[in-house]
Amino acid sequence: MAVSINLDGRVAVVTGGSRGLGKAIALGFAEAGATVVIASRKLESCQHLVADIEAKGGRASAHAFDAQSWQDCDRLFAEVTERWSGADILVNNAGKSPVSPSSLETSEEAFEQILAVNLRSAFRLSALFGSQMVERGAGAIINISSTGSRKPEAYFAPYAAAKAGLNTLTQSFAKEYGPLVRVNTVMPGPFHTDGTKGWSRTDEFADHARKYQPLGRGGEPGEIVGAVLYLASDLASYVTGACLAVDGGHLISRS
C-alpha cells in the first residue's frame with residue numbers, strides 16, 4: 001500500500017529555496033500541502049517560484065535573505081511569524097562552497113563567509129524557530145549538510161568543517177528541543193544542479209561515479225525530496241538527531 005505524506009496546515013521555511021536542491025524541496029513541500037516560505041538572496045527568483053506554487057493552488061511567500069547576516073536571520077523569523085504566525089518546519093538549506101586553489105591561499109574573508117552561510121545561519125535560525133516550535137508544541141528542523149562533512153576532498157576544508165559543524169548542531173539541538181521538536185540532518189552526495197553543472201555533468205565525473213559509486217551516477221534534485229519530506233512528517237515521529245545520507249552510496253563507494 002502506498003503511503004503519502006500530507007503536510008496540510010503546516011508552514012515550512014526553506015532557506016536557499018529558489019534554486020537547486022532548495023527549489024526541489026520547496027516544490028515537494030507545496031505538493032504535500034504545506035505553506036512554503038522561500039528565502040534566498042535573489043528575491044525575484046523566490047517570487048517566480050511562489051507564483052508557480054500559487055498557480056497550482058498552493059500557498060507560499062517570498063523573502064529576501066542573506067545567510068551571511070545574523071540580522072537577516074532575525075528579520076526572516078519576524079517576517080514568518082507576522083505573515084504565517086510561525087513555522088512548523090525549518091529546512092536549513094542555504095549553502096556556499098567556493099573552492100580556493102589551496103588552503104594556504106584561502107582568504108580570511110572566504111573562510112568567514114563559508115562558515116557564516118553554512119553554519120552560523122543554521123544555528124541562529126534553529127535557535128529562533130526551534131524555541132518557537134517548542135512553545136507551539138511541535139516542530140521539525142532538517143539541516144542540509146553534505147557527505148563532504150564525513151569524506152572531505154582536498155581544498156574543501158572550510159566547507160567540510162562547516163558542514164561537520166552542522167551535523168553537530170543537529171545533535172545538540174535535538175537534545176535541547178526534544179521531545180517536542182525533532183532535529184535531523186540530510187547529507188547529500190554529488191547532485192546535478194545549476195550550481196554544480198560545471199563538474200557534475202563532465203565525462204570525468206561520470207567515469208568516476210561509474211567506477212566508485214554503487215549507484216554509478218550523480219543525483220537529480222528531485223531525489224532529495226523524499227528524505228526531507230519523510231523527516232518533516234509524522235512518519236519520522238521516532239527519528240531525531242539522525243544523519244541520513246542521500247548520496248548514491250558515495251560514503252561507502254566501490255573501492
# chains A, B, ... in the order shown; residues from 1 in each chain; ligands from 1
call {"tool": "residues_around", "arguments": {"residues": "Gln213 (chain A)", "least_positions_apart": "5", "cutoff": "8 Å", "atoms": "only C-alpha atoms", "output": "list in words"}}
result
His208, Gly248, Gly249, His250, Ile252, Ser253 and Arg254 of chain A
call {"tool": "write_last_selection", "arguments": {"atoms": "C-alpha atoms", "output": "PDB file, in the first residue's frame"}}
result
ATOM      1  CA  HIS A 208      34.409   8.392 -11.583  1.00  0.00           C
ATOM      2  CA  GLY A 248      24.079   7.073  -4.294  1.00  0.00           C
ATOM      3  CA  GLY A 249      26.442   5.199  -1.999  1.00  0.00           C
ATOM      4  CA  HIS A 250      29.147   7.885  -2.138  1.00  0.00           C
ATOM      5  CA  ILE A 252      30.684   3.597   1.091  1.00  0.00           C
ATOM      6  CA  SER A 253      31.974   3.570  -2.509  1.00  0.00           C
ATOM      7  CA  ARG A 254      33.027   0.532  -4.529  1.00  0.00           C
TER       8      ARG A 254
END
call {"tool": "closest_atom_pairs", "arguments": {"of": "region 76-106 of chain A", "to": "region 137-157 of chain A", "cutoff": "8 Å", "atoms": "only C-alpha atoms", "output": "Markdown table"}}
result
| residue | atom | partner | partner_atom | distance |
| --- | --- | --- | --- | --- |
| A:Ala87 | CA | A:Gly139 | CA | 7.9 |
| A:Asp88 | CA | A:Gly139 | CA | 4.8 |
| A:Ile89 | CA | A:Ala140 | CA | 4.9 |
| A:Leu90 | CA | A:Ile141 | CA | 4.7 |
| A:Val91 | CA | A:Ile142 | CA | 4.8 |
| A:Asn92 | CA | A:Asn143 | CA | 4.8 |
| A:Asn93 | CA | A:Ile144 | CA | 5.0 |
| A:Ser97 | CA | A:Phe156 | CA | 7.9 |
| A:Val99 | CA | A:Phe156 | CA | 6.2 |
| A:Ser100 | CA | A:Tyr155 | CA | 6.3 |
| A:Pro101 | CA | A:Tyr155 | CA | 6.9 |
| A:Ser102 | CA | A:Tyr155 | CA | 5.3 |
| A:Ser103 | CA | A:Tyr155 | CA | 5.7 |
call {"tool": "select_by_dssp", "arguments": {"residues": "region 69-156 of chain A", "states": "alpha helix (DSSP H)", "output": "number ranges by chain"}}
result
A: 70-84, 108-115, 121-136
call {"tool": "closest_residue", "arguments": {"among": "A:Tyr159, A:Leu49, A:Met133, A:Ile224", "to": "Pro179 (chain A)", "atoms": "only C-alpha atoms"}}
result
A:Met133
call {"tool": "atom_distance", "arguments": {"atom1": "CA of Glu31 (chain A)", "atom2": "CA of Gly219 (chain A)"}}
result
20.5 Å
call {"tool": "residues_around", "arguments": {"residues": "Thr81 (chain A)", "least_positions_apart": "6", "cutoff": "10 Å", "atoms": "only C-alpha atoms", "output": "PyMOL selection string"}}
result
chain A and resi 75+87+129+132
call {"tool": "atom_distance", "arguments": {"atom1": "CA of Ala34 (chain A)", "atom2": "CA of Ala60 (chain A)"}}
result
8.6 Å
call {"tool": "closest_residue", "arguments": {"among": "A:Ser18, A:Ser69, A:Ser131, A:Ser107", "to": "Pro158 (chain A)", "atoms": "only C-alpha atoms"}}
result
A:Ser107
call {"tool": "select_by_dssp", "arguments": {"residues": "region 120-228 of chain A", "states": "strand (DSSP E or B)", "output": "list of chain:residue names"}}
result
A:Gly139, A:Ala140, A:Ile141, A:Ile142, A:Asn143, A:Ile144, A:Val181, A:Arg182, A:Val183, A:Asn184, A:Thr185, A:Val186, A:Met187, A:Pro188, A:Phe191, A:Gly219
call {"tool": "write_last_selection", "arguments": {"atoms": "C-alpha atoms", "output": "compact mmCIF listing (two decimals), in the first residue's frame"}}
result
# COMPACT_ATOMS: atom_id res chain seq x y z
CA GLY A 139 8.07 21.01 15.01
CA ALA A 140 10.80 19.60 12.81
CA ILE A 141 14.15 21.03 11.75
CA ILE A 142 16.11 19.49 8.86
CA ASN A 143 19.69 20.57 8.21
CA ILE A 144 21.09 20.01 4.71
CA VAL A 181 10.88 19.23 18.25
CA ARG A 182 12.78 16.73 16.11
CA VAL A 183 16.07 17.81 14.53
CA ASN A 184 17.76 15.77 11.79
CA THR A 185 20.32 16.05 9.01
CA VAL A 186 20.21 15.06 5.36
CA MET A 187 23.66 14.64 3.82
CA PRO A 188 23.51 14.92 0.02
CA PHE A 191 23.90 16.13 -7.23
CA GLY A 219 21.59 12.57 -8.17
call {"tool": "decode", "arguments": {"residues": "region 49-80 of chain A", "atoms": "N, CA and C atoms", "output": "mmCIF file, in the first residue's frame"}}
result
data_model
loop_
_atom_site.group_PDB
_atom_site.id
_atom_site.type_symbol
_atom_site.label_atom_id
_atom_site.label_comp_id
_atom_site.auth_asym_id
_atom_site.auth_seq_id
_atom_site.Cartn_x
_atom_site.Cartn_y
_atom_site.Cartn_z
ATOM 1 N N LEU A 49 9.075 31.443 -8.059
ATOM 2 C CA LEU A 49 8.710 30.134 -7.537
ATOM 3 C C LEU A 49 7.388 30.196 -6.780
ATOM 4 N N VAL A 50 7.187 31.266 -6.033
ATOM 5 C CA VAL A 50 5.908 31.459 -5.343
ATOM 6 C C VAL A 50 4.765 31.494 -6.355
ATOM 7 N N ALA A 51 4.968 32.206 -7.452
ATOM 8 C CA ALA A 51 3.925 32.295 -8.487
ATOM 9 C C ALA A 51 3.610 30.913 -9.058
ATOM 10 N N ASP A 52 4.647 30.098 -9.264
ATOM 11 C CA ASP A 52 4.430 28.743 -9.779
ATOM 12 C C ASP A 52 3.608 27.912 -8.791
ATOM 13 N N ILE A 53 3.931 28.029 -7.507
ATOM 14 C CA ILE A 53 3.216 27.271 -6.482
ATOM 15 C C ILE A 53 1.768 27.732 -6.379
ATOM 16 N N GLU A 54 1.571 29.045 -6.397
ATOM 17 C CA GLU A 54 0.210 29.582 -6.296
ATOM 18 C C GLU A 54 -0.629 29.225 -7.523
ATOM 19 N N ALA A 55 0.008 29.140 -8.676
ATOM 20 C CA ALA A 55 -0.718 28.785 -9.893
ATOM 21 C C ALA A 55 -1.258 27.358 -9.824
ATOM 22 N N LYS A 56 -0.633 26.545 -9.001
ATOM 23 C CA LYS A 56 -1.067 25.156 -8.826
ATOM 24 C C LYS A 56 -1.989 25.004 -7.612
ATOM 25 N N GLY A 57 -2.385 26.139 -7.019
ATOM 26 C CA GLY A 57 -3.310 26.105 -5.898
ATOM 27 C C GLY A 57 -2.664 26.065 -4.529
ATOM 28 N N GLY A 58 -1.341 26.208 -4.473
ATOM 29 C CA GLY A 58 -0.641 26.176 -3.191
ATOM 30 C C GLY A 58 -0.489 27.552 -2.576
ATOM 31 N N ARG A 59 0.113 27.583 -1.401
ATOM 32 C CA ARG A 59 0.371 28.845 -0.693
ATOM 33 C C ARG A 59 1.861 28.957 -0.421
ATOM 34 N N ALA A 60 2.381 30.168 -0.625
ATOM 35 C CA ALA A 60 3.810 30.383 -0.426
ATOM 36 C C ALA A 60 4.085 31.867 -0.272
ATOM 37 N N SER A 61 5.269 32.186 0.237
ATOM 38 C CA SER A 61 5.700 33.581 0.334
ATOM 39 C C SER A 61 7.187 33.662 0.031
ATOM 40 N N ALA A 62 7.606 34.799 -0.516
ATOM 41 C CA ALA A 62 8.996 35.025 -0.922
ATOM 42 C C ALA A 62 9.659 36.005 0.035
ATOM 43 N N HIS A 63 10.907 35.733 0.380
ATOM 44 C CA HIS A 63 11.616 36.567 1.346
ATOM 45 C C HIS A 63 13.077 36.716 0.930
ATOM 46 N N ALA A 64 13.545 37.969 0.857
ATOM 47 C CA ALA A 64 14.960 38.220 0.636
ATOM 48 C C ALA A 64 15.726 37.819 1.895
ATOM 49 N N PHE A 65 16.793 37.044 1.710
ATOM 50 C CA PHE A 65 17.509 36.518 2.879
ATOM 51 C C PHE A 65 18.967 36.291 2.526
ATOM 52 N N ASP A 66 19.852 36.940 3.273
ATOM 53 C CA ASP A 66 21.293 36.752 3.127
ATOM 54 C C ASP A 66 21.768 35.909 4.301
ATOM 55 N N ALA A 67 22.147 34.671 4.031
ATOM 56 C CA ALA A 67 22.524 33.747 5.100
ATOM 57 C C ALA A 67 23.799 34.161 5.826
ATOM 58 N N GLN A 68 24.532 35.119 5.278
ATOM 59 C CA GLN A 68 25.725 35.609 5.981
ATOM 60 C C GLN A 68 25.355 36.526 7.145
ATOM 61 N N SER A 69 24.122 37.002 7.168
ATOM 62 C CA SER A 69 23.736 38.060 8.100
ATOM 63 C C SER A 69 22.926 37.524 9.268
ATOM 64 N N TRP A 70 23.417 37.714 10.468
ATOM 65 C CA TRP A 70 22.682 37.367 11.688
ATOM 66 C C TRP A 70 21.381 38.154 11.751
ATOM 67 N N GLN A 71 21.464 39.426 11.347
ATOM 68 C CA GLN A 71 20.285 40.288 11.364
ATOM 69 C C GLN A 71 19.217 39.808 10.384
ATOM 70 N N ASP A 72 19.647 39.258 9.242
ATOM 71 C CA ASP A 72 18.686 38.731 8.289
ATOM 72 C C ASP A 72 17.982 37.491 8.838
ATOM 73 N N CYS A 73 18.683 36.713 9.640
ATOM 74 C CA CYS A 73 18.036 35.568 10.297
ATOM 75 C C CYS A 73 16.917 36.066 11.211
ATOM 76 N N ASP A 74 17.228 37.106 11.984
ATOM 77 C CA ASP A 74 16.213 37.674 12.875
ATOM 78 C C ASP A 74 15.044 38.255 12.081
ATOM 79 N N ARG A 75 15.358 38.916 10.987
ATOM 80 C CA ARG A 75 14.306 39.530 10.164
ATOM 81 C C ARG A 75 13.425 38.466 9.528
ATOM 82 N N LEU A 76 14.027 37.397 9.004
ATOM 83 C CA LEU A 76 13.245 36.327 8.398
ATOM 84 C C LEU A 76 12.308 35.705 9.425
ATOM 85 N N PHE A 77 12.810 35.474 10.622
ATOM 86 C CA PHE A 77 11.971 34.912 11.685
ATOM 87 C C PHE A 77 10.786 35.837 11.972
ATOM 88 N N ALA A 78 11.051 37.132 12.052
ATOM 89 C CA ALA A 78 9.986 38.096 12.337
ATOM 90 C C ALA A 78 8.960 38.125 11.209
ATOM 91 N N GLU A 79 9.423 38.074 9.957
ATOM 92 C CA GLU A 79 8.509 38.107 8.818
ATOM 93 C C GLU A 79 7.614 36.865 8.775
ATOM 94 N N VAL A 80 8.197 35.714 9.040
ATOM 95 C CA VAL A 80 7.421 34.474 9.013
ATOM 96 C C VAL A 80 6.399 34.456 10.149
#
